[in-house]
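One structure is given here, and the rest of the page talks about it.
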4 protein chains.
Amino acid sequence: MINIGVVGYGYWGPNIVRNFNSLNDARVICVCDKNKKVLNSFQKHYPAVHTTTDFNQLITFPDINAIAIVTPVFTHYKLAKLALEKGKHVFVEKPFTSTVAQAEELIELADKNNLKIMVDHTFLFTGAVNKIKELVDNDTLGNLYYFDSTRVNLGLFQHDVNVIWDLAPHDLSIMDYIIDEKPESITASGKAHFNNGLEDIAYITVNFSNNMIAHFNVNWLSPVKVRSTLIGGEKKMLVWNDLDADEKVKVYDKGVKVDNKKGIYDLLVSYRSGDMFAPKVAQTEALKLETEHFIDCILNDKIPINDGHAGLRVVRILEASDKSLKNNGKMIQL
Amino acid sequence: MINIGVVGYGYWGPNIVRNFNSLNDARVICVCDKNKKVLNSFQKHYPAVHTTTDFNQLITFPDINAIAIVTPVFTHYKLAKLALEKGKHVFVEKPFTSTVAQAEELIELADKNNLKIMVDHTFLFTGAVNKIKELVDNDTLGNLYYFDSTRVNLGLFQHDVNVIWDLAPHDLSIMDYIIDEKPESITASGKAHFNNGLEDIAYITVNFSNNMIAHFNVNWLSPVKVRSTLIGGEKKMLVWNDLDADEKVKVYDKGVKVDNKKGIYDLLVSYRSGDMFAPKVAQTEALKLETEHFIDCILNDKIPINDGHAGLRVVRILEASDKSLKNNGKMIQL
Amino acid sequence: MINIGVVGYGYWGPNIVRNFNSLNDARVICVCDKNKKVLNSFQKHYPAVHTTTDFNQLITFPDINAIAIVTPVFTHYKLAKLALEKGKHVFVEKPFTSTVAQAEELIELADKNNLKIMVDHTFLFTGAVNKIKELVDNDTLGNLYYFDSTRVNLGLFQHDVNVIWDLAPHDLSIMDYIIDEKPESITASGKAHFNNGLEDIAYITVNFSNNMIAHFNVNWLSPVKVRSTLIGGEKKMLVWNDLDADEKVKVYDKGVKVDNKKGIYDLLVSYRSGDMFAPKVAQTEALKLETEHFIDCILNDKIPINDGHAGLRVVRILEASDKSLKNNGKMIQL
Amino acid sequence: MINIGVVGYGYWGPNIVRNFNSLNDARVICVCDKNKKVLNSFQKHYPAVHTTTDFNQLITFPDINAIAIVTPVFTHYKLAKLALEKGKHVFVEKPFTSTVAQAEELIELADKNNLKIMVDHTFLFTGAVNKIKELVDNDTLGNLYYFDSTRVNLGLFQHDVNVIWDLAPHDLSIMDYIIDEKPESITASGKAHFNNGLEDIAYITVNFSNNMIAHFNVNWLSPVKVRSTLIGGEKKMLVWNDLDADEKVKVYDKGVKVDNKKGIYDLLVSYRSGDMFAPKVAQTEALKLETEHFIDCILNDKIPINDGHAGLRVVRILEASDKSLKNNGKMIQL
């Protein structure tokens, strides 16, 4: 039985508590939030769970094995460090940290203390992403040409980070999971329309050493919600529309073959257009599978697929994006 | 009566001939193509129209007033120059020319000879674009925040230009028509997946002096066809889906108000979400209206809304995009 | 404070308990289910609420004011009768009863004892249905021509009633709420594909004394889920797609005008096609509003919009549908 | 070479002429219309084709082999009879005739004179319908449970027939083509909202001897255009959305298995839900294939898939629908 302490009971915290509590091998035994009113309301639903406003009390709570950090980004490093120093495993919201240096330090600390870090890249545990990974891994798509993601909606504006840090970690973690090649450089553009100076609309291009290119369109100012990703491969092409209730992933037997041995004016392009199929996608709640994976990794000393290194790779791109934004879209090497 | 000569009878030429011929004040009297077989087939449908494989014969054909140039981009400058030198008005496919310098020279030549240039920015004559322009001009949307366009599909690969020169002129000409502010700089990224070295997927960001940002996603390798543009304004936001048969333009009474006088942690963001409406959009064939406009401009000495200067503004961004692509996405001033 | 007893804690019961419990003026004090395991699981979440497997204990529980009946249709009459006889208000799942006679008896019994009956026609409390009622009542649509509803999906097969009794009550109660005219007669057709003899696919036509016609397509064997209703009016026409997350109700400024004074071959039909608009629709959970309404009706002696008479009118059509089905689609007067 | 005479050059006539003229083994040599202005306009596009306002002249025109009748329904019988009597093959618009008796007489007349009749059931030649037929014939769907079609839009009101005779022939001919079982009886309901007394909205249920049921929803008063058909089978289920440009036919690996050997309260229903696939569908113009088939049947003495008998089977249902409508939805045996 793994005893979990949770810090942060705002928008996402209730889901974390509910899911850890639904597992056979885990239970939440203490919840920490600086807001007393939130804790009072919490205890009506969970009378058996302790509460505290003091993080130090949480990490020293008797028999606590792991801390789930469900607080704003800028607090992750400090809270995770304290927890790891007290010998607790850490489950932390995405993005992992505010800087690459922080992420590297936490990974080292966890390694030294033989502790697990899991970064909450929830999408890696959805049926859709797992189906896509399967289709890439078993070469259904063939060599990949591009990964093009759009994640836009109205709000919610964050107070401390721009739209890239808020929305892109989802898609960056998915790209990181699906694509083996390592990103080499990035460029970013964007605009802050309000005078807090944080971009509310942004675009990132990620370049790879090979034929691949990735692009991310994130926007807090869109009148419509879009959650779609196109993945183009040599053999097949895929569209993932996460808002489609029943046919989230569509695989198109479409392709292009270009033969230009004789020079560009004899360029021979042939198009292939066949059937489309939408594989059945598992419906299990992603967070349930992710919290299970966390407990399994602790109990059986496994490496989480979304460990600190995965978190670090995402933060590296986020940090580079900020740097590119501040330098007129200059290409930043990763 | 304006007598038209047409050069180029490939994919688009038949539409040009059909539309000019349907007007009361115009008629096509000669068609030029280097392919004799194409001309033979043409004459079965239009036995009364002359044909030639010699462009010089076309521009010296008796009583010809204007030349419609419906050939690949790299020929536009040379053909237009010859036609203008012979005192003929010019209707030319988009993009106007291959370089800014060519466009400037042609504009000057036309001005000197008191001739009209019209660049075939067909979309400016669609019901949807005119409705959008009306909604922007009458301040329904309020100050604009962004213009975000996606134009992707499978093929058709061009032999001589990359996907930006092929697809983006549509959206750049629409942006130029709708938005009064002048673009200041651009960045571009993209990838050529085949060894002719021409990008088949590309992204352009256009920066404006004010609050605006524009972005263009063009792709020849998409399994699905997408033609959509989001325009965010202070008062209202708009989605244009050109593939929706009945509700192409949707206007959302949605918005964000950010008040951060007290500092970022007291940032107050309020969202407004009201009705949506889809205004009725005129269905008249755009090319019919455009060819009418050309004839009207010649007969009544008016300036086309899509004159050489409009063509030049688009070419300026295309040229800058190529420059940015060749320089690792470097920001190029316009 | 109204004390609620709930009988039946299967699929829908948890929603009933949660919503009554969230109100200021109500609380669930006892839950009855014949399944002990269900009650045990229930008490983990609601340790303060009593449980029983004995319905008589529920209706005689101290201080109980009202009974919510969330059990299969065939039990409604018996349970409601017992509750009303004990002087309890009754909230009962749709459809109200298995026969018209049962419904009439319960209404009379409630009237005699000055008790409220509310039939759980949840949809009447959705933002979409209320917006539609508003558009009909304020004559935006004009005189109504038709009401055409489709509610199809895969499963869930019921054991004791056919697809009409399972799915159509939703749409019949909505029609009853929105349309003032009284239905006069109905015809029904359908098919039972499995040997339990209960139709799994069925169609009902409802005829009105005036110009109106209504039609209901219900199906347990559809591979896709459809929830859509078309309402045609003289002035405007409306489409309600309940599966559209953001634009559930669309109002079309479309219409037909037929002038045939001169005989059918001079019939003059003119079509009008204008803007579409999708009014904002309230998002509050319908069941919350409905349970509030129930409490309000008890406390302030109001007549529920979904009272026993509304339930009876729906049962009348259901009963007639069965009769028509058994008589080769014969028209049944209501 | 088959020489075709065409009578009727209204909405559909131009498509008939264009397609017959595009074939290698056929040509239109004379066109008849009572409207002189129509004929004048026609001759500008087809200077080589003769015209006449006199049908007798058309059917006695030298070397004419076949007559295409593209006129209102009520004229079909008379015109076809005259043509057949003069020894001409007949291609006739749907629906074949106004009555069953007329259809039977024409079939007999054609048989006696060894002539072909083809009824213009164009949809039988679309890629979508042929793909569906293939999926039914090769047992991909398994035994069929239902065929449920919706064909609604705004207008066009016909002057001489109700909405059933106008729209349902499409779907009835498709059902007739796809489903081998013979329909046994029908019921119909509908409403005429305007005082010409012709129904503008109607519903037909077709019953089969076996497990099948079919239903048709036709409506001239819908604000939106819907063209969709659901076909439920024991093994798989299919949705045909004719308005979807790219994925018209979707096949769902979904199904229901009901086992109720132990009585209804132990009814065991299991659902299967697997992948969906959208087979590629041929894009060739249906009317081109249909006119080719007509010529092929004449030249090689084949029986058209859409011969007079197919036309008769459709008319039989149309006639029965009218009878049912006039008798309060009474079930009519076919």
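Each chain in the structure tokens gets a letter, A, B, ..., in the order shown, and its residues are numbered from 1; ligands are numbered from 1 in order too.
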
Please give the complete set of residues from segment 48-184 of chain D that DSSP, run on the backbone, assigns to alpha helix (DSSP H), formatted as an NGL selection string.
:D and (55-59 or 73-85 or 100-112 or 127-137 or 163-178)

Distance limit 10 Å, atoms considered: only C-alpha atoms. Which chain C residues sit that close to chain B? Return them as a list in words.
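The answer, sorted by residue number, is Asp246, Glu247, Lys250, Val251, Tyr252, Asp253, Ser273, Gly274, Asp275, Met276, Phe277, Ala278, Pro279, Lys280 and Val281 of chain C.
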
A:Asn328, A:Ser209, A:Ser98, A:Thr122: which is nearest Ser185 of chain B, counting only C-alpha atoms?
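Closest candidate: A:Asn328.
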
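Residues in contact with segment 161-172 of chain D at 8 Å, where only C-alpha atoms are counted and same-chain residues fewer than 5 positions away are skipped, are listed as Lys94, Pro95, His121, Thr122, Phe123, Ser149, Arg151, Leu198, Glu199, Asp200, Ile201, Ala202, Phe216, Val218, Asn219, Trp220, Val314, Leu318 and Ser321 of chain D.
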
Neighbour list for Lys86 of chain D as an MDAnalysis selection string, cut-off 12 Å, only C-alpha atoms, skip fewer than 6 positions in-chain
chainID D and resid 55:67 79:80 109:110 113:115

Distance of atom CA of Asn130 of chain B from atom CA of Cys297 of chain B, expressed in Å to one decimal place
18.7 Å

Pick from C:Thr150, C:Ser22, C:Thr52, C:Thr97, whichever lies nearest to Asn35 of chain C using only C-alpha atoms
C:Thr52

Per DSSP on the backbone, filter segment 91-305 of chain A down to the residues in strand (DSSP E or B) and report them as a PyMOL selection string.
chain A and resi 91-93+117-120+144-154+183-191+201-208+213-219+221-233+237-241+249-259+268-278

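For Val31 of chain C, the residues within 9 Å (counting only C-alpha atoms, excluding itself and residues fewer than 2 positions away along the chain) are Ile4, Gly5, Val6, Val7, Gly8, Tyr9, Val17, Val28, Ile29, Asp33, Leu39, Phe42, Val49, His50, Thr51, Thr52, Thr53 and Leu58 of chain C.
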
Atoms to include: C-alpha atoms. Write the selected residues as a CSV table (one decimal), in the first residue's frame.
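Written output follows (again-v3.csv):
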```csv
chain,number,residue,atom,x,y,z
C,4,ILE,CA,-36.3,12.8,0.5
C,5,GLY,CA,-36.4,9.0,0.4
C,6,VAL,CA,-35.1,7.4,-2.8
C,7,VAL,CA,-36.0,4.0,-4.1
C,8,GLY,CA,-33.8,2.5,-6.7
C,9,TYR,CA,-30.0,3.0,-6.8
C,17,VAL,CA,-29.3,11.5,-4.8
C,28,VAL,CA,-31.8,12.6,1.1
C,29,ILE,CA,-32.3,10.8,4.4
C,33,ASP,CA,-32.8,-0.8,-3.0
C,39,LEU,CA,-26.6,-0.2,-0.5
C,42,PHE,CA,-23.7,3.6,-1.4
C,49,VAL,CA,-27.8,8.5,4.9
C,50,HIS,CA,-29.9,5.5,6.1
C,51,THR,CA,-30.5,2.6,3.8
C,52,THR,CA,-33.1,-0.2,3.6
C,53,THR,CA,-34.2,-3.0,1.4
C,58,LEU,CA,-38.7,3.9,3.4
```
